[in-house]
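Peer 1: Sharing coords27.csv here; it has CSV, C-alpha atoms.
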chain,number,residue,atom,x,y,z
M,1,MET,CA,-4.6,-85.8,23.5
M,2,ILE,CA,-5.7,-86.6,27.1
M,3,TRP,CA,-2.1,-87.6,28.1
M,4,HIS,CA,-0.7,-84.3,26.6
M,5,VAL,CA,-3.3,-82.2,28.5
M,6,MET,CA,-2.6,-84.1,31.7
M,7,LYS,CA,1.1,-83.6,31.2
M,8,TYR,CA,0.4,-79.8,30.8
M,9,TYR,CA,-1.4,-79.6,34.1
M,10,SER,CA,1.2,-81.8,35.9
M,11,HIS,CA,3.9,-79.4,34.7
M,12,PHE,CA,2.2,-76.7,36.8
M,13,GLY,CA,1.8,-79.0,39.9
M,14,HIS,CA,-1.8,-80.2,39.3
M,15,LYS,CA,-1.5,-84.0,39.5
M,16,ASP,CA,-4.8,-85.1,41.0
M,17,PHE,CA,-7.0,-86.0,38.0
M,18,ILE,CA,-10.6,-87.1,37.5
M,19,LEU,CA,-11.3,-88.6,34.1
M,20,CYS,CA,-15.0,-88.3,33.2
M,21,LEU,CA,-15.4,-91.4,31.1
M,22,GLY,CA,-18.1,-92.4,28.6
M,23,HIS,CA,-17.7,-93.7,25.0
M,24,GLN,CA,-14.5,-95.8,24.7
M,25,GLY,CA,-13.8,-95.3,28.4
M,26,GLU,CA,-12.3,-98.8,28.6
M,27,ALA,CA,-9.7,-97.8,26.0
M,28,ILE,CA,-8.5,-94.9,28.3
M,29,LYS,CA,-8.4,-97.3,31.3
M,30,ARG,CA,-6.3,-99.8,29.3
M,31,PHE,CA,-3.9,-97.0,28.2
M,32,PHE,CA,-3.0,-96.2,31.8
M,33,LEU,CA,-3.1,-99.7,33.1
M,34,ASN,CA,-0.6,-100.7,30.4
M,35,TYR,CA,1.4,-97.5,30.6
M,36,ASP,CA,5.2,-97.9,30.2
M,37,GLU,CA,7.2,-94.8,31.1
M,38,CYS,CA,10.1,-96.1,29.0
M,39,LEU,CA,8.1,-95.4,25.9
M,40,SER,CA,7.8,-91.6,26.6
M,41,ASN,CA,11.2,-91.0,28.3
M,42,ASP,CA,14.9,-91.5,27.6
M,43,PHE,CA,16.3,-94.4,29.5
M,44,ILE,CA,19.5,-96.5,30.0
M,45,TYR,CA,19.2,-100.3,29.3
M,46,SER,CA,21.7,-102.5,31.0
M,47,GLU,CA,22.2,-106.1,32.4
M,48,GLY,CA,20.2,-107.6,29.6
M,49,GLY,CA,17.1,-105.6,30.6
M,50,LYS,CA,17.3,-106.4,34.3
M,51,LYS,CA,18.1,-102.8,35.0
M,52,LEU,CA,16.5,-99.8,33.4
M,53,LEU,CA,17.4,-96.3,34.3
M,54,LEU,CA,14.9,-93.5,33.3
M,55,SER,CA,16.3,-90.1,32.7
M,56,ASN,CA,13.0,-88.7,34.0
M,57,SER,CA,9.5,-89.9,34.9
M,58,ASP,CA,6.0,-89.1,33.8
M,59,ILE,CA,3.1,-90.3,35.9
M,60,HIS,CA,4.5,-91.9,39.0
M,61,ASP,CA,3.2,-89.1,41.2
M,62,TRP,CA,-0.2,-88.7,39.5
M,63,LYS,CA,-3.5,-89.7,41.2
M,64,ILE,CA,-6.2,-90.6,38.6
M,65,THR,CA,-9.8,-91.3,39.4
M,66,PHE,CA,-11.5,-93.1,36.5
M,67,ALA,CA,-15.2,-92.2,36.8
M,68,ASP,CA,-18.0,-93.6,34.5
M,69,THR,CA,-20.2,-90.6,33.7
M,70,GLY,CA,-22.4,-92.1,31.0
M,71,THR,CA,-22.0,-92.7,27.3
M,72,ASP,CA,-24.4,-90.0,26.2
M,73,SER,CA,-24.0,-87.5,29.0
M,74,ASN,CA,-23.3,-83.8,28.1
M,75,ILE,CA,-20.5,-81.8,29.8
M,76,GLY,CA,-22.7,-80.3,32.5
M,77,GLN,CA,-23.9,-83.8,33.6
M,78,ARG,CA,-20.4,-85.2,33.5
M,79,LEU,CA,-19.4,-82.5,36.0
M,80,LYS,CA,-22.4,-83.2,38.2
M,81,ALA,CA,-21.5,-86.9,38.1
M,82,VAL,CA,-18.0,-86.3,39.6
M,83,GLN,CA,-19.1,-83.7,42.2
M,84,LYS,CA,-18.8,-86.4,44.9
M,85,HIS,CA,-15.1,-86.7,44.1
M,86,LEU,CA,-14.5,-83.0,44.7
M,87,GLU,CA,-15.4,-82.9,48.3
M,88,GLY,CA,-13.2,-80.4,50.2
M,89,GLU,CA,-12.2,-78.6,47.0
M,90,ASP,CA,-13.2,-74.9,46.9
M,91,VAL,CA,-11.7,-74.5,43.4
M,92,PHE,CA,-11.0,-77.0,40.7
M,93,LEU,CA,-9.9,-77.0,37.0
M,94,ALA,CA,-11.7,-78.7,34.1
M,95,ASN,CA,-10.9,-79.3,30.5
M,96,TYR,CA,-12.5,-80.5,27.3
M,97,THR,CA,-9.2,-82.3,26.4
M,98,ASP,CA,-9.5,-81.5,22.7
M,99,GLY,CA,-7.1,-78.6,22.6
M,100,LEU,CA,-3.5,-77.7,23.5
M,101,THR,CA,-1.9,-74.5,24.6
M,102,ASN,CA,1.3,-73.0,26.0
M,103,LEU,CA,-0.6,-70.7,28.3
M,104,HIS,CA,1.1,-70.0,31.7
M,105,LEU,CA,-1.7,-71.7,33.8
M,106,PRO,CA,-1.0,-69.8,37.0
M,107,SER,CA,-1.8,-66.6,35.3
M,108,LEU,CA,-5.3,-67.8,34.5
M,109,ILE,CA,-5.8,-69.1,38.0
M,110,ASP,CA,-4.6,-65.8,39.6
M,111,HIS,CA,-6.9,-63.8,37.3
M,112,PHE,CA,-9.8,-66.0,38.3
M,113,GLU,CA,-9.2,-65.8,42.0
M,114,LYS,CA,-8.9,-62.0,41.8
M,115,SER,CA,-12.1,-61.7,39.8
M,116,GLY,CA,-14.5,-63.0,42.5
M,117,SER,CA,-16.3,-65.0,39.8
M,118,VAL,CA,-17.7,-68.5,40.0
M,119,ALA,CA,-16.2,-69.6,36.6
M,120,THR,CA,-13.7,-68.7,34.0
M,121,PHE,CA,-12.5,-70.0,30.7
M,122,LEU,CA,-9.6,-69.5,28.4
M,123,SER,CA,-10.7,-67.2,25.5
M,124,ALA,CA,-8.4,-67.9,22.6
M,125,ARG,CA,-8.4,-67.1,18.9
M,126,PRO,CA,-9.3,-70.1,16.7
M,127,ASN,CA,-6.9,-71.2,14.0
M,128,LEU,CA,-9.1,-70.8,11.1
M,129,SER,CA,-9.8,-68.8,7.9
M,130,PHE,CA,-12.9,-68.9,5.8
M,131,HIS,CA,-15.1,-66.8,3.5
M,132,ILE,CA,-18.4,-65.2,4.4
M,133,VAL,CA,-20.8,-65.3,1.5
M,134,SER,CA,-23.9,-63.2,1.0
M,135,ALA,CA,-26.1,-64.2,-2.0
M,136,ALA,CA,-29.5,-63.4,-3.5
M,137,LYS,CA,-32.3,-65.9,-3.7
M,138,ASP,CA,-31.2,-66.9,-7.2
M,139,GLY,CA,-27.8,-67.7,-5.9
M,140,ARG,CA,-26.0,-64.7,-7.4
M,141,VAL,CA,-23.3,-63.5,-5.0
M,142,ASP,CA,-23.7,-60.0,-3.6
M,143,LYS,CA,-20.7,-60.1,-1.3
M,144,ILE,CA,-17.8,-62.3,-0.3
M,145,GLN,CA,-15.2,-61.5,2.3
M,146,GLU,CA,-12.5,-63.3,4.2
M,147,MET,CA,-13.2,-64.0,7.9
M,148,THR,CA,-10.1,-64.7,10.0
M,149,ASN,CA,-9.5,-65.4,13.7
M,150,ALA,CA,-8.7,-61.7,14.2
M,151,ASN,CA,-12.5,-61.2,14.3
M,152,LEU,CA,-13.3,-64.1,16.7
M,153,ARG,CA,-12.7,-65.4,20.2
M,154,ILE,CA,-13.8,-68.8,21.4
M,155,ASN,CA,-14.2,-70.8,24.6
M,156,SER,CA,-11.2,-73.0,24.3
M,157,GLY,CA,-12.2,-75.5,27.0
M,158,TYR,CA,-9.7,-74.6,29.7
M,159,PHE,CA,-11.8,-73.9,32.8
M,160,ALA,CA,-11.4,-72.9,36.5
M,161,PHE,CA,-14.5,-73.3,38.7
M,162,LYS,CA,-15.5,-72.6,42.3
M,163,LYS,CA,-17.5,-75.4,43.9
M,164,ASP,CA,-20.5,-73.0,43.6
M,165,ILE,CA,-20.7,-73.9,39.9
M,166,PHE,CA,-22.8,-77.0,40.9
M,167,LYS,CA,-25.5,-74.7,42.2
M,168,TYR,CA,-26.0,-73.4,38.7
M,169,ILE,CA,-26.2,-76.8,36.9
M,170,ARG,CA,-29.6,-78.5,36.9
M,171,ALA,CA,-30.5,-82.0,35.7
M,172,GLY,CA,-29.9,-82.5,32.0
M,173,GLU,CA,-28.4,-79.1,31.4
M,174,GLU,CA,-25.4,-78.5,29.2
M,175,LEU,CA,-22.6,-76.4,30.9
M,176,VAL,CA,-22.3,-73.5,28.5
M,177,ARG,CA,-26.1,-73.1,27.9
M,178,GLU,CA,-28.3,-72.6,30.9
M,179,PRO,CA,-25.7,-72.7,33.7
M,180,PHE,CA,-23.4,-70.2,32.0
M,181,GLN,CA,-26.4,-68.0,31.1
M,182,ARG,CA,-27.3,-67.8,34.8
M,183,LEU,CA,-23.7,-66.9,35.6
M,184,ILE,CA,-23.7,-64.2,32.9
M,185,GLN,CA,-26.9,-62.7,34.3
M,186,GLU,CA,-25.2,-62.5,37.8
M,187,ARG,CA,-21.9,-61.3,36.2
M,188,LEU,CA,-20.1,-64.3,37.7
M,189,LEU,CA,-18.5,-65.6,34.5
M,190,VAL,CA,-15.2,-64.1,33.2
M,191,ALA,CA,-13.1,-64.9,30.2
M,192,TYR,CA,-9.3,-64.9,30.3
M,193,GLU,CA,-8.1,-63.6,26.9
M,194,TYR,CA,-5.0,-65.2,25.5
M,195,ASP,CA,-3.3,-64.6,22.1
M,196,GLY,CA,-0.5,-67.2,22.4
M,197,PHE,CA,-0.6,-70.7,21.0
M,198,PHE,CA,-3.8,-72.6,21.1
M,199,GLN,CA,-4.8,-75.4,18.7
M,200,ALA,CA,-7.9,-77.6,18.9
M,201,MET,CA,-8.1,-81.0,17.4
M,202,ASP,CA,-11.5,-81.0,15.7
M,203,THR,CA,-10.6,-82.3,12.3
M,204,PHE,CA,-8.2,-84.7,10.6
M,205,LYS,CA,-6.3,-81.6,9.4
M,206,ASP,CA,-6.0,-80.4,13.0
M,207,ARG,CA,-4.6,-83.8,13.9
M,208,GLN,CA,-2.0,-83.7,11.1
M,209,LEU,CA,-0.9,-80.2,12.3
M,210,LEU,CA,-0.5,-81.2,15.9
M,211,GLU,CA,1.4,-84.4,14.9
M,212,SER,CA,3.6,-82.4,12.7
M,213,LEU,CA,4.4,-80.0,15.5
M,214,LEU,CA,5.1,-83.0,17.8
M,215,GLY,CA,7.3,-84.6,15.3
M,216,SER,CA,9.4,-81.4,14.9
M,217,GLY,CA,10.6,-81.8,18.5
M,218,HIS,CA,9.4,-78.3,19.3
M,219,ALA,CA,5.7,-78.6,20.1
M,220,PRO,CA,4.7,-75.3,21.8
M,221,TRP,CA,2.6,-77.0,24.5
M,222,GLU,CA,5.3,-79.3,25.7
M,223,LEU,CA,6.4,-76.8,28.4
M,224,TRP,CA,7.6,-79.7,30.6
M,225,LYS,CA,10.5,-80.4,28.3
M,226,VAL,CA,12.1,-77.1,29.1
M,227,LEU,CA,12.6,-77.9,32.7
M,228,GLN,CA,13.0,-81.7,32.8
M,229,SER,CA,14.9,-83.1,35.7
M,230,ASP,CA,18.4,-84.4,35.1
M,231,SER,CA,18.1,-86.9,37.9
M,232,PRO,CA,17.8,-90.5,36.7
M,233,VAL,CA,15.0,-92.7,38.1
M,234,SER,CA,15.7,-96.4,38.7
M,235,THR,CA,13.1,-98.8,37.3
M,236,ARG,CA,12.5,-102.5,36.9
M,237,ASN,CA,10.6,-104.2,34.1
M,238,GLY,CA,10.3,-101.0,32.2
M,239,HIS,CA,8.1,-99.2,34.7
M,240,GLY,CA,8.7,-96.3,37.1
M,241,SER,CA,7.8,-96.2,40.7
M,242,ARG,CA,4.1,-96.2,41.5
Represent the structure from my file as structure tokens, please.
Peer 2:
Amino acid sequence: MIWHVMKYYSHFGHKDFILCLGHQGEAIKRFFLNYDECLSNDFIYSEGGKKLLLSNSDIHDWKITFADTGTDSNIGQRLKAVQKHLEGEDVFLANYTDGLTNLHLPSLIDHFEKSGSVATFLSARPNLSFHIVSAAKDGRVDKIQEMTNANLRINSGYFAFKKDIFKYIRAGEELVREPFQRLIQERLLVAYEYDGFFQAMDTFKDRQLLESLLGSGHAPWELWKVLQSDSPVSTRNGHGSR
């Protein structure tokens, strides 16, 4: 999921990443330390493996900061922990990395810059359907009705922030609780509504759905596959240039 989210941002030119690590952070580090671009790209194998020619490359131009932000830290405190890595940045993007979308990211950023707000988030429709039940004390049902995503919008975890966001986060606070409430009171929080593809991976069923879409070869969020470069990239030992 993290790789797919990073590929999405990279597609729109955002290639300087800070990973706020906690539980299983070492697994994420190992993933990138052992990353082999031949496994995620087409390539030509020749001279008995001495020469590998990638059709395109993934992460050779990414810069990734791996920051330990605590095993039990909430999202607000993880942001505060990496504030030092954002010196000189007036605006930055943040993500929960638990959902995928085909949103045209520049549209969200442009909307945010024009809004004059401190923070924005992608407001999507959740992919869910359930029944609302009303019952008496003895359990006899009075009313049951279907509730679908047509009635709901959620914070999907795709954010844009001005550096002033750190003025609103105090020690121990969760991002969407006290800090966002302060922004709401000052009318400095805006939602960017989007009705295109968005899918979170919160359950095993969600994972099956996303893997099915990926396996189909037409995953909606893989926008980078539409405009992949046709220029081969020379490599040795299975790795692209660093």
Peer 1: Could you give me, as JSON lines, a per-residue list for stretch 175-223 of chain M showing, wherever an atom lies at most 9 Å from an atom of stretch 109-129 of chain M, the closest pair of atoms and their distance in Å to one decimal, using all atoms listed in the file and sorting by chain then residue number from low to high?
Peer 2:
{"residue": "M:Phe180", "atom": "CA", "partner": "M:Ala119", "partner_atom": "CA", "distance": 8.6}
{"residue": "M:Leu183", "atom": "CA", "partner": "M:Val118", "partner_atom": "CA", "distance": 7.6}
{"residue": "M:Arg187", "atom": "CA", "partner": "M:Ser117", "partner_atom": "CA", "distance": 7.6}
{"residue": "M:Leu188", "atom": "CA", "partner": "M:Ser117", "partner_atom": "CA", "distance": 4.4}
{"residue": "M:Leu189", "atom": "CA", "partner": "M:Ala119", "partner_atom": "CA", "distance": 5.1}
{"residue": "M:Val190", "atom": "CA", "partner": "M:Thr120", "partner_atom": "CA", "distance": 4.9}
{"residue": "M:Ala191", "atom": "CA", "partner": "M:Phe121", "partner_atom": "CA", "distance": 5.2}
{"residue": "M:Tyr192", "atom": "CA", "partner": "M:Leu122", "partner_atom": "CA", "distance": 5.0}
{"residue": "M:Glu193", "atom": "CA", "partner": "M:Ser123", "partner_atom": "CA", "distance": 4.7}
{"residue": "M:Tyr194", "atom": "CA", "partner": "M:Ala124", "partner_atom": "CA", "distance": 5.2}
{"residue": "M:Asp195", "atom": "CA", "partner": "M:Ala124", "partner_atom": "CA", "distance": 6.1}
{"residue": "M:Gly196", "atom": "CA", "partner": "M:Ala124", "partner_atom": "CA", "distance": 7.9}
{"residue": "M:Phe197", "atom": "CA", "partner": "M:Ala124", "partner_atom": "CA", "distance": 8.4}
{"residue": "M:Phe198", "atom": "CA", "partner": "M:Ala124", "partner_atom": "CA", "distance": 6.7}
{"residue": "M:Gln199", "atom": "CA", "partner": "M:Asn127", "partner_atom": "CA", "distance": 6.6}
{"residue": "M:Ala200", "atom": "CA", "partner": "M:Pro126", "partner_atom": "CA", "distance": 7.9}
Peer 1: Find the residue from M:Ala135, M:Leu33, M:Val91, M:Cys20 that sits nearest to M:Thr65; use all atoms listed in the file when measuring.
Peer 2: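 Closest residue, counting all atoms listed in the file: M:Cys20.
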Peer 1: What would the list of residues within 12 Å of (-9.9, -77.8, 19.7) (file frame) look like as a ChimeraX atom specification, if all atoms listed in the file are what count?
Peer 2: /M:1,5,95-101,124-128,154-158,197-207,209-210
Peer 1: Could you work out an axis-aligned bounding box for all listed atoms of stretch 127-139 of chain M, with 5 Å added on each of the six sides, and give its centre and edge lengths in Å to one decimal, as lines of an AutoDock Vina configuration file?
Peer 2:
center_x = -19.6
center_y = -67.2
center_z = 3.4
size_x = 35.4
size_y = 18.0
size_z = 31.2
Peer 1: Under the rule that all atoms listed in the file are counted, which of M:Ile59, M:Leu86, M:Leu19, M:Ile28 is the nearest residue to M:Lys163?
Peer 2: M:Leu86
Peer 1: Need the shell around stretch 165-178 of chain M: protein/DNA/RNA residues with any atom at most 8 Å away, counting all atoms listed in the file. Skip same-chain ones fewer than 6 positions apart. Format as a list in words?
Peer 2: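 Counting only the stated atoms, we get Asn74, Ile75, Gly76, Gln77, Lys80, Gln83, Val118 and Ala119 of chain M.
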Peer 1: Between atom CA of M:Asp58 and atom CA of M:Trp3, what is the spacing in Å?
Peer 2: 10.0 Å
Peer 1: Please indicate the distance in Å from atom CA of M:Asn151 to atom CA of M:Gln181, rounded to one decimal place.
Peer 2: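 Pair atom CA of M:Asn151 / atom CA of M:Gln181 returns 22.8 Å.
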Peer 1: I'd like the interatomic distance between atom CA of M:Lys7 and atom CA of M:Trp62, to a tenth of an Å.
Peer 2: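 Atom CA of M:Trp62 lies 9.8 Å from atom CA of M:Lys7.
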Peer 1: When distances are computed from only C-alpha atoms, which of M:His23, M:Lys143, M:Lys162, M:Lys15 shows the smallest separation from M:Ser73?
Peer 2: M:His23
Peer 1: So, with only C-alpha atoms as the atoms that count, which of M:Lys137, M:Phe130, M:His60, M:Lys51 lies closest to M:Leu152?
Peer 2: M:Phe130
Peer 1: Residues within 6 Å of M:Thr69, please, as a list in words. Count only C-alpha atoms; anything in the same chain fewer than 6 positions from it doesn't count.
Peer 2: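 The residues satisfying every condition are Cys20, Leu21, Gly22, Arg78 and Ala81 of chain M.
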